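The next block holds one structure in the form of structure tokens; read it before the comments.
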Amino acid sequence: MGAIGTMTRLTFREAVRRRIALAASVLGLAFLALYNTGLYFIQREVAASGPGPAGAMNEAYNFFMMAGLYAANFLGVAMAALLTADTLAGEIASGTVQTLATKPVRRADLVLGKWLGLAGLLGLYGTLMVGGVLLSVWVQTGYRPSNVGTGAALILLNSLLIMSVTLASSSRLTTLATGGVVFGLYGLAFVGGWVERVGFFIRSATAMNVGIVSSLLLPSEALWNRAAFDMTSPLVRALGATPFSAGSVPSPLMVVYAVGYLLAALWLTIRWFGGRDL
Amino acid sequence: MTPDLAIETRALRKVFGDVTAVQGLTLQVARGEVFGFLGPNGAGKTTSIKMLLGLIAPTAGEAWLLGRPLGDRGVRARVGFLPEHFRFHDWLTAGEFLDLHGELYGMPRDRRRTRIPELLELVGLTAFRAKALRTFSKGMLQRIGLAQALLNDPELVVLDEPTSGLDPVGRRLVRDIIRDLKARGTTVLLNSHLLSEVEITCDRAVFIKHGAVVQVSPLGTLIDGDTSVTIRTGPLPDGLAASLHRWARDVRVDGTELRLTVADETALPAITRHLVEHGVDVYAVRPHKLSLEDLFLQILGTEGSL
């Protein structure tokens, strides 16, 4: 655990010293402030329109909560890619890695330490963003969605997935190429998710299959769809797709696939970084 | 594998695509030796060093470091390394940087606590312990890099261009450190473009060209041994030049100049006396020692530098 722990702490320290943690926190809080402002005025409008059926008010709050979580999920994914893209590629290109890799440590430990550090940082960021959205909705409206734990875990898993894919690419490609690969893959999954949504409405099996294939290429959108399904209200679930979720719900097997995908990416990182010339 | 060698390589080879960086490096460095790595740019010196340290996988060949085969993780705890491009995590302070590398060496906290101030003192950076490395000059970075390479009291220190960013005071410091290391029996592998540096500090040097060993020479004997001499004289009687072989070799007559090589400068008065006794006017006697630069150019030639 020695070298792994050292690298984990180094990753945290880097985030603090290079003001990445500060920038992410300040902008995250700015997002939550804006979100709360919007939520306050919407909640005031809803309350002013008179006491409707409790269920209808909850539908409105759930919709607004899902919008916040959708943004938090996207920001988590973007943060994972941006935080990680330069991690190995940058250290290899600059030569910083040379003094680390010539120490009596396994290269795999350097990778695992960095992975744990990045996972910790993304965990904190995810907690701030997802927790902030859920807390804001609860404090302002008293609304609590179902399956909060599962949904939040899936959103966090999504950012860990993107981080692991980025780390794998970063162990082999340059920083810029890594950015291109990861956002390219994410774009495919994102567009695939929308093709699937449209396919669900127009009852096109082909379009839905395109979405499923894109989920296999990178299961990030599928993870979000599953999280959205778990946290969305029973009424919306019954209606099918919302702007923030798919009509066809990814099965729990897709979550297992995503975990396997993440582990495969981590294994590839260890293998590629361990075998390459530095 | 010979256990009393610090470094042993056999036909070590590295090919990048269609470029052969190292053709077949075979050399032996004894424990306690200060060994120079010389060659023009692109000769494969840094690639060879990286192969020895496990940063680059050889395409072919074998090598041992302190008796252990390449890739042995444990042996790295006994090796210190200052890379050519000393880029470090510049958001760390000097103290944190050394502590990080001490941790990676597996040094206990107490040992790091005593060793780090010692090393900062050694490289003249005690006052900068709490300063971030990004505020350091190139020379200061090289000094802290050197301290990092010595953290673990290594048995073998590999220094790749350790003085490239240093002023004369810094270069003197590095020389003194290398002398201290040698006195303690530490093996030093020194790759430096500054031939005067190698000349002063190294016991032996390998001359590399196009990724292959051209010659391994003990520097002391080569540089301190032979002296070439030019003697400006009047006309020389027939056969007199040949008679100088009692004291010298490679005797050549070039107009009014007599060129020869002596093993020891103490032969020069006898040669001069001999010439005068045979009626030859002697106008000048100019001995000149071979510098490492002469040797470098003699062995490796002037072409081939990249």
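So you can find residues: chains in the structure tokens are A, B, ... in the order shown, residues in each start at 1, and ligands are numbered from 1 in order.
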
Within 8 Å of chain A: residues of chain B, using only C-alpha atoms, as a PyMOL selection string: chain B and resi 53-57+73-77+81-83+85-89+91+100-101+103-106

Secondary structure check, strand (DSSP E) residues of range 60-133 of chain B, as a ChimeraX atom specification: /B:60-65,68-69,79-82

For CA of Arg134 in chain B and CA of Ala15 in chain A, the interatomic separation in Å (one decimal): 15.8 Å

Val216 in chain B environment, 8 Å, only C-alpha atoms, sequence neighbours closer than 6 positions dropped, as a VMD selection string: chain B and resid 204 to 207

For the selection you just gave me, I'd like the residues written to a file as a tab-separated table (two decimals), in the first residue's frame, keeping N, CA and C atoms.
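Written out: part_3.tsv:
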```tsv
chain	number	residue	atom	x	y	z
B	204	ARG	N	37.43	5.82	-15.55
B	204	ARG	CA	37.43	5.27	-16.91
B	204	ARG	C	36.27	5.88	-17.68
B	205	ALA	N	36.34	5.78	-18.98
B	205	ALA	CA	35.22	6.26	-19.79
B	205	ALA	C	35.01	5.34	-20.96
B	206	VAL	N	33.75	5.23	-21.35
B	206	VAL	CA	33.44	4.48	-22.56
B	206	VAL	C	33.12	5.51	-23.65
B	207	PHE	N	33.68	5.30	-24.81
B	207	PHE	CA	33.40	6.17	-25.95
B	207	PHE	C	32.39	5.45	-26.84
```

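Between CA of Thr261 in chain B and CA of Ala242 in chain B the interatomic distance comes to 13.1 Å.
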
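CA of Asn41 in chain B to CA of Arg172 in chain B spans 24.1 Å [interatomic distance, one decimal].
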
Quick one: residues within 12 Å of Ser243 in chain B, only C-alpha atoms counted, chain neighbours fewer than 6 positions away excluded, as a tab-separated table (two decimals) with N, CA and C atoms, in the first residue's frame?
```
chain	number	residue	atom	x	y	z
B	236	LEU	N	68.84	18.71	-39.43
B	236	LEU	CA	69.18	17.50	-38.67
B	236	LEU	C	70.10	16.60	-39.50
B	237	PRO	N	71.20	16.15	-38.93
B	237	PRO	CA	72.06	15.20	-39.66
B	237	PRO	C	71.30	13.88	-39.89
B	249	ARG	N	58.98	7.57	-29.05
B	249	ARG	CA	58.43	6.78	-30.15
B	249	ARG	C	57.69	7.72	-31.11
B	251	VAL	N	58.65	9.00	-33.83
B	251	VAL	CA	59.51	10.15	-34.17
B	251	VAL	C	59.34	10.46	-35.67
B	252	ARG	N	58.98	11.71	-35.94
B	252	ARG	CA	58.80	12.13	-37.34
B	252	ARG	C	59.49	13.47	-37.54
B	271	ILE	N	66.79	14.35	-24.38
B	271	ILE	CA	66.61	14.47	-25.84
B	271	ILE	C	67.24	15.77	-26.32
B	274	HIS	N	70.99	15.58	-26.21
B	274	HIS	CA	71.46	14.70	-27.28
B	274	HIS	C	71.53	15.46	-28.60
B	275	LEU	N	70.49	16.24	-28.87
B	275	LEU	CA	70.44	17.01	-30.12
B	275	LEU	C	71.58	18.04	-30.16
B	278	HIS	N	75.01	16.77	-30.75
B	278	HIS	CA	75.24	16.39	-32.15
B	278	HIS	C	75.19	17.59	-33.08
```
